[in-house]
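Text of my_file-v3.txt, listed as compact mmCIF, C-alpha atoms:
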# COMPACT_ATOMS: atom_id res chain seq x y z
CA MET A 50 -40.46 25.01 -25.39
CA GLU A 51 -43.31 23.98 -23.09
CA GLU A 52 -43.47 20.34 -24.15
CA LEU A 53 -40.07 19.54 -25.67
CA GLY A 54 -37.68 22.14 -24.27
CA ILE A 55 -36.70 23.55 -27.67
CA LYS A 56 -37.10 26.72 -29.68
CA VAL A 57 -38.17 26.33 -33.30
CA LYS A 58 -38.51 28.53 -36.34
CA PRO A 59 -41.75 27.78 -38.23
CA GLU A 60 -41.80 28.06 -42.01
CA SER A 61 -44.33 26.62 -44.45
CA MET A 62 -47.55 24.98 -43.27
CA PHE A 63 -47.54 21.22 -43.87
CA PHE A 64 -51.02 20.10 -42.79
CA ASP A 65 -54.16 21.44 -41.17
CA THR A 66 -56.86 19.34 -39.49
CA VAL A 67 -60.00 19.60 -37.38
CA TYR A 68 -61.02 16.62 -35.24
CA GLU A 69 -64.14 16.19 -33.12
CA TYR A 70 -63.75 14.27 -29.88
CA PRO A 71 -66.91 13.46 -27.90
CA ASP A 72 -66.33 16.42 -25.56
CA ILE A 73 -64.19 18.82 -27.57
CA THR A 74 -63.27 19.85 -31.10
CA VAL A 75 -59.59 20.50 -31.80
CA HIS A 76 -58.06 22.42 -34.69
CA ILE A 77 -54.37 21.61 -35.23
CA THR A 78 -52.01 23.23 -37.71
CA PHE A 79 -48.70 21.50 -38.45
CA TYR A 80 -45.70 23.44 -39.75
CA ASN A 81 -42.35 22.54 -41.22
CA THR A 82 -39.94 23.93 -38.61
CA TYR A 83 -36.27 24.04 -37.66
CA ILE A 84 -34.83 23.66 -34.19
CA ILE A 85 -32.92 26.84 -33.36
CA GLY A 86 -32.21 26.31 -29.66
CA GLY A 87 -32.28 23.78 -26.85
CA GLU A 88 -32.26 19.99 -26.88
CA ILE A 89 -35.31 17.75 -27.14
CA THR A 90 -36.33 16.81 -23.60
CA GLN A 91 -39.16 14.61 -22.35
CA LYS A 92 -41.13 17.18 -20.32
CA GLU A 93 -44.83 16.43 -20.81
CA HIS A 94 -45.14 13.08 -22.58
CA HIS A 95 -44.90 9.45 -21.52
CA ASP A 96 -42.40 8.75 -24.29
CA ILE A 97 -40.76 10.53 -27.23
CA ARG A 98 -38.72 9.02 -30.04
CA TRP A 99 -37.87 9.38 -33.74
CA ILE A 100 -39.51 6.72 -35.91
CA SER A 101 -39.64 6.03 -39.64
CA ALA A 102 -42.80 5.92 -41.73
CA ASP A 103 -42.48 2.12 -41.79
CA GLU A 104 -42.82 2.00 -38.00
CA VAL A 105 -46.06 3.98 -37.71
CA ASP A 106 -48.24 0.90 -37.27
CA LEU A 107 -46.19 -0.16 -34.24
CA PHE A 108 -47.43 2.80 -32.17
CA THR A 109 -50.73 4.23 -30.97
CA PHE A 110 -51.34 7.91 -31.64
CA CYS A 111 -54.06 10.31 -30.57
CA PRO A 112 -57.06 10.11 -32.96
CA ALA A 113 -56.58 13.78 -33.92
CA ASP A 114 -53.10 12.91 -35.20
CA LYS A 115 -54.27 10.32 -37.74
CA GLY A 116 -54.51 12.90 -40.53
CA ILE A 117 -50.93 14.13 -40.14
CA ILE A 118 -49.60 10.56 -39.78
CA ASP A 119 -51.37 9.53 -43.00
CA LYS A 120 -49.97 12.61 -44.76
CA ILE A 121 -46.40 11.82 -43.71
CA VAL A 122 -46.71 8.17 -44.80
CA GLU A 123 -48.26 9.25 -48.11
CA LYS A 124 -45.38 11.63 -48.79
CA GLU A 125 -42.78 8.99 -47.90
CA ASN A 126 -44.41 6.44 -50.20
CA LYS A 127 -44.41 8.96 -53.03
CA ARG A 128 -40.75 9.81 -52.36
CA ARG A 129 -39.81 6.15 -52.70
CA GLU A 130 -41.80 5.79 -55.92
CA VAL A 131 -40.15 8.92 -57.35
CA LEU A 132 -36.63 7.74 -56.49
CA LYS A 133 -37.35 4.34 -58.03
CA ASN A 134 -38.05 6.05 -61.37
CA LEU A 135 -35.35 8.74 -61.13
CA THR A 136 -32.55 9.45 -63.59
CA VAL A 137 -30.09 12.35 -63.44
CA GLU A 138 -28.47 13.48 -66.68
CA CYS A 139 -27.26 16.45 -68.66
CA ALA A 140 -29.82 18.10 -70.92
CA LYS A 141 -30.26 17.00 -74.52
CA GLU A 142 -31.92 18.68 -77.51
CA ASN A 143 -35.41 17.34 -76.75
CA ASP A 144 -35.39 18.64 -73.14
CA LEU A 145 -35.94 22.33 -73.88
CA ASP A 146 -39.71 22.39 -73.31
CA ASP A 147 -39.36 20.72 -69.90
CA ILE A 148 -36.59 23.14 -68.93
CA LEU A 149 -38.59 26.21 -69.93
CA CYS A 150 -41.56 24.89 -67.97
CA LEU A 151 -39.36 24.50 -64.89
CA TYR A 152 -37.89 27.97 -65.34
CA THR A 153 -41.29 29.66 -65.16
CA GLN A 154 -41.15 28.83 -61.43
CA LEU A 155 -37.89 30.74 -60.96
CA SER A 156 -38.96 34.26 -61.90
CA PRO A 157 -41.76 36.12 -63.69
CA ILE A 158 -39.03 37.43 -66.01
CA ASN A 159 -38.91 34.01 -67.64
CA ASP A 160 -41.66 34.73 -70.16
CA GLY A 161 -40.23 32.63 -72.99
CA SER A 162 -39.05 35.65 -74.99
CA GLY A 163 -35.63 35.80 -76.62
CA ASP A 164 -33.89 33.29 -78.83
CA VAL A 165 -34.19 30.40 -76.39
CA HIS A 166 -33.65 27.78 -79.09
CA GLY A 167 -30.44 29.44 -80.27
CA VAL A 168 -29.13 29.94 -76.75
CA PHE A 169 -30.01 26.39 -75.76
CA GLY A 170 -28.18 25.08 -78.81
CA ASN A 171 -25.10 27.09 -77.83
CA ILE A 172 -25.24 25.72 -74.28
CA LEU A 173 -25.34 22.16 -75.56
CA LYS A 174 -22.33 22.78 -77.82
CA ASN A 175 -20.28 24.74 -75.29
CA GLU A 176 -17.79 22.64 -73.33
CA GLY A 177 -18.10 23.89 -69.79
CA GLN A 178 -21.84 24.67 -69.77
CA TYR A 179 -24.33 22.13 -68.49
CA ILE A 180 -27.99 22.01 -67.61
CA ILE A 181 -28.45 19.07 -65.27
CA LEU A 182 -31.86 17.44 -65.06
CA ALA A 183 -33.50 15.07 -62.60
CA LYS A 184 -36.13 13.14 -64.52
CA VAL A 185 -38.97 11.02 -63.19
CA ASN A 186 -40.32 8.61 -65.78
CA GLY A 187 -38.50 10.62 -68.43
CA LYS A 188 -39.93 14.03 -67.45
CA ALA A 189 -37.56 16.70 -66.12
CA VAL A 190 -38.87 17.85 -62.73
CA SER A 191 -35.73 19.34 -61.17
CA SER A 192 -32.69 21.11 -62.58
CA CYS A 193 -29.61 23.22 -62.02
CA ALA A 194 -27.25 24.98 -64.41
CA LEU A 195 -23.48 24.56 -64.13
CA ASN A 196 -20.85 26.81 -65.70
CA ILE A 197 -17.13 26.01 -65.68
CA ILE A 198 -15.10 29.24 -65.68
CA GLN A 199 -11.53 29.25 -66.94
CA ASN A 200 -9.16 30.94 -64.53
CA LEU A 201 -5.53 32.13 -64.16
CA THR A 202 -5.22 31.83 -60.37
CA HIS A 203 -4.95 28.69 -58.23
CA GLY A 204 -2.57 27.04 -60.64
CA ALA A 205 -4.79 27.95 -63.61
CA ARG A 206 -7.49 25.63 -62.29
CA PRO A 207 -11.04 26.59 -63.27
CA TYR A 208 -13.90 27.19 -60.87
CA ALA A 209 -17.60 26.35 -61.20
CA VAL A 210 -20.78 28.37 -60.71
CA VAL A 211 -24.21 26.87 -60.08
CA GLU A 212 -27.38 28.77 -60.93
CA ASN A 213 -31.10 28.20 -61.63
CA VAL A 214 -31.76 25.50 -59.04
CA VAL A 215 -35.44 24.65 -59.32
CA THR A 216 -37.81 21.75 -58.62
CA GLU A 217 -41.47 21.39 -59.51
CA LYS A 218 -43.57 22.04 -56.43
CA GLU A 219 -45.14 18.57 -56.21
CA TYR A 220 -41.69 16.95 -56.30
CA ARG A 221 -40.02 19.06 -53.62
CA GLY A 222 -38.67 17.39 -50.52
CA PHE A 223 -37.69 14.17 -52.31
CA GLY A 224 -33.98 14.92 -52.77
CA LEU A 225 -34.13 15.68 -56.50
CA ALA A 226 -32.39 19.07 -56.32
CA SER A 227 -29.72 17.44 -54.14
CA ALA A 228 -29.22 14.82 -56.85
CA CYS A 229 -28.73 17.59 -59.43
CA LEU A 230 -26.26 19.43 -57.20
CA ASP A 231 -24.35 16.20 -56.57
CA ARG A 232 -23.99 15.67 -60.32
CA ALA A 233 -22.86 19.29 -60.73
CA ARG A 234 -20.16 18.74 -58.09
CA ASP A 235 -19.00 15.56 -59.82
CA ILE A 236 -18.71 17.35 -63.17
CA ALA A 237 -16.81 20.23 -61.54
CA LYS A 238 -14.35 17.72 -60.08
CA GLU A 239 -13.94 16.10 -63.50
CA HIS A 240 -12.92 19.54 -64.83
CA ASN A 241 -10.40 19.89 -61.97
CA CYS A 242 -12.22 22.91 -60.53
CA TYR A 243 -10.82 24.17 -57.26
CA LYS A 244 -14.18 25.42 -55.99
CA ILE A 245 -17.86 25.51 -56.83
CA MET A 246 -20.00 28.54 -55.98
CA LEU A 247 -23.74 29.08 -55.71
CA MET A 248 -25.84 32.17 -55.10
CA THR A 249 -29.48 32.27 -54.07
CA GLY A 250 -31.92 35.13 -53.77
CA SER A 251 -33.88 33.25 -51.13
CA LYS A 252 -33.72 34.35 -47.50
CA LYS A 253 -35.70 31.35 -46.26
CA GLU A 254 -33.87 29.40 -43.60
CA SER A 255 -35.02 26.12 -45.15
CA THR A 256 -33.40 27.06 -48.48
CA LEU A 257 -30.14 28.13 -46.84
CA ARG A 258 -29.99 24.98 -44.75
CA PHE A 259 -30.67 22.91 -47.85
CA TYR A 260 -27.64 24.40 -49.59
CA GLU A 261 -25.54 23.91 -46.48
CA GLN A 262 -26.53 20.24 -46.41
CA ALA A 263 -25.42 20.07 -50.06
CA GLY A 264 -21.94 21.21 -48.95
CA TYR A 265 -22.09 25.00 -49.47
CA ASP A 266 -20.86 27.44 -46.82
CA ARG A 267 -23.02 30.53 -46.45
CA TYR A 268 -20.40 32.43 -44.42
CA SER A 269 -17.13 31.98 -46.34
CA LYS A 270 -17.89 34.53 -49.10
CA THR A 271 -19.87 37.74 -49.50
CA ALA A 272 -21.91 37.72 -52.69
CA MET A 273 -23.13 40.97 -54.26
CA ASN A 274 -25.33 41.38 -57.26
CA GLN A 275 -25.72 44.12 -59.88
CA ARG A 276 -28.64 43.92 -62.29
CA LEU A 277 -27.93 44.98 -65.88

Would you give me this structure, written as structure tokens?
Amino acid sequence: MEELGIKVKPESMFFDTVYEYPDITVHITFYNTYIIGGEITQKEHHDIRWISADEVDLFTFCPADKGIIDKIVEKENKRREVLKNLTVECAKENDLDDILCLYTQLSPINDGSGDVHGVFGNILKNEGQYIILAKVNGKAVSSCALNIIQNLTHGARPYAVVENVVTEKEYRGFGLASACLDRARDIAKEHNCYKIMLMTGSKKESTLRFYEQAGYDRYSKTAMNQRL
């Protein structure tokens, strides 16, 4: 608010640095945040603007900011490398181990017990059930599950349900989950679904905004859950 005229909601920490100037030592912590009020206004600085990672070398930054600039450029370079080697496809028989590894990040309940091989085989054979995978160099690093539900309303058109959206931590922020959700939407359209639904247990604003950016409306339905 003091320097840019906006209110923000901080979430996860992105980078932390300590820099020693000749006369002072500064400790700066950078957070991933969302603007929740106001408009960006030039209040304290000589100039403000949005730039891409490719434009960093065109500008001069404070020495204490070099660490965060390098971190942003590093992440952008990795994102480009990941997308260059990305494929999005429906799961096949040899993908089970990668899927189970991903699912350990969803819930501590996913302990590998149960007849996972039998269930996975049924999913692969069942028309209307899909596990969609984003693979980098052949390894599944992001996924979502899609179920097509037959239905007697809306002209007997089916609807779709998305669950188990997960991405390996080191690959988050690169658009891989979005790629999986896009493929899920395309498959739902191919089945002539009239809607696609998604539920999340997360209350994080970043997660909710992510799903909104993927086309989901958090206000149009009230979802309730009963554990069995």

| message | Which residues are close to A:Gly204, i.e. within 12 Å by all atoms listed in the file, leaving aside same-chain residues fewer than 6 positions away? Reply as a PyMOL selection string. | response | chain A and resi 241-243

| So which one's closest to A:Lys141, A:Lys124, A:Ser156, A:Leu173, A:Ile118? Using all atoms listed in the file, please. | A:Leu173

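Contact shell of stretch 174-179 of chain A at 8 Å (only C-alpha atoms; same-chain neighbours under 3 positions omitted): Cys139, Ala140, Gly170, Asn171, Ala194, Leu195, Asn196, Ile197 and Ile198 of chain A.
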
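Proximity ranking of A:Lys115, A:Lys120, A:Lys253, A:His240 relative to A:Ser61 places A:Lys253 first, based on all atoms listed in the file.
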
| field | Contacts of A:Lys184 at 12 Å (only C-alpha atoms; same-chain gap of 2+ positions) as a count of residues only | value | 30

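As for atom CA of A:Asn143 and atom CA of A:Ile245, they are spaced 27.8 Å apart.
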
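Distances here use only C-alpha atoms; by that measure, the residue among A:Val185, A:Asp96, A:Ile89, A:Phe63 closest to A:Ile77 is A:Phe63.
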
For stretch 234-250 of chain A, what centre and edge lengths in Å (one decimal) does the axis-aligned box get once 3 Å is added on each side of all its listed atoms, as AutoDock Vina command-line options?
--center_x -21.2 --center_y 25.3 --center_z -59.3 --size_x 27.5 --size_y 25.6 --size_z 17.1

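Atom CA of A:Ser227 is found 24.2 Å from atom CA of A:Val57.
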
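Here atom CA of A:Met248 is placed at a distance of 11.8 Å from atom CA of A:Ala209.
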
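With all atoms listed in the file as the atoms that count, the residue of A:Leu53, A:Leu107, A:Leu230, A:Ala183 with the shortest distance to A:Val210 is A:Leu230.
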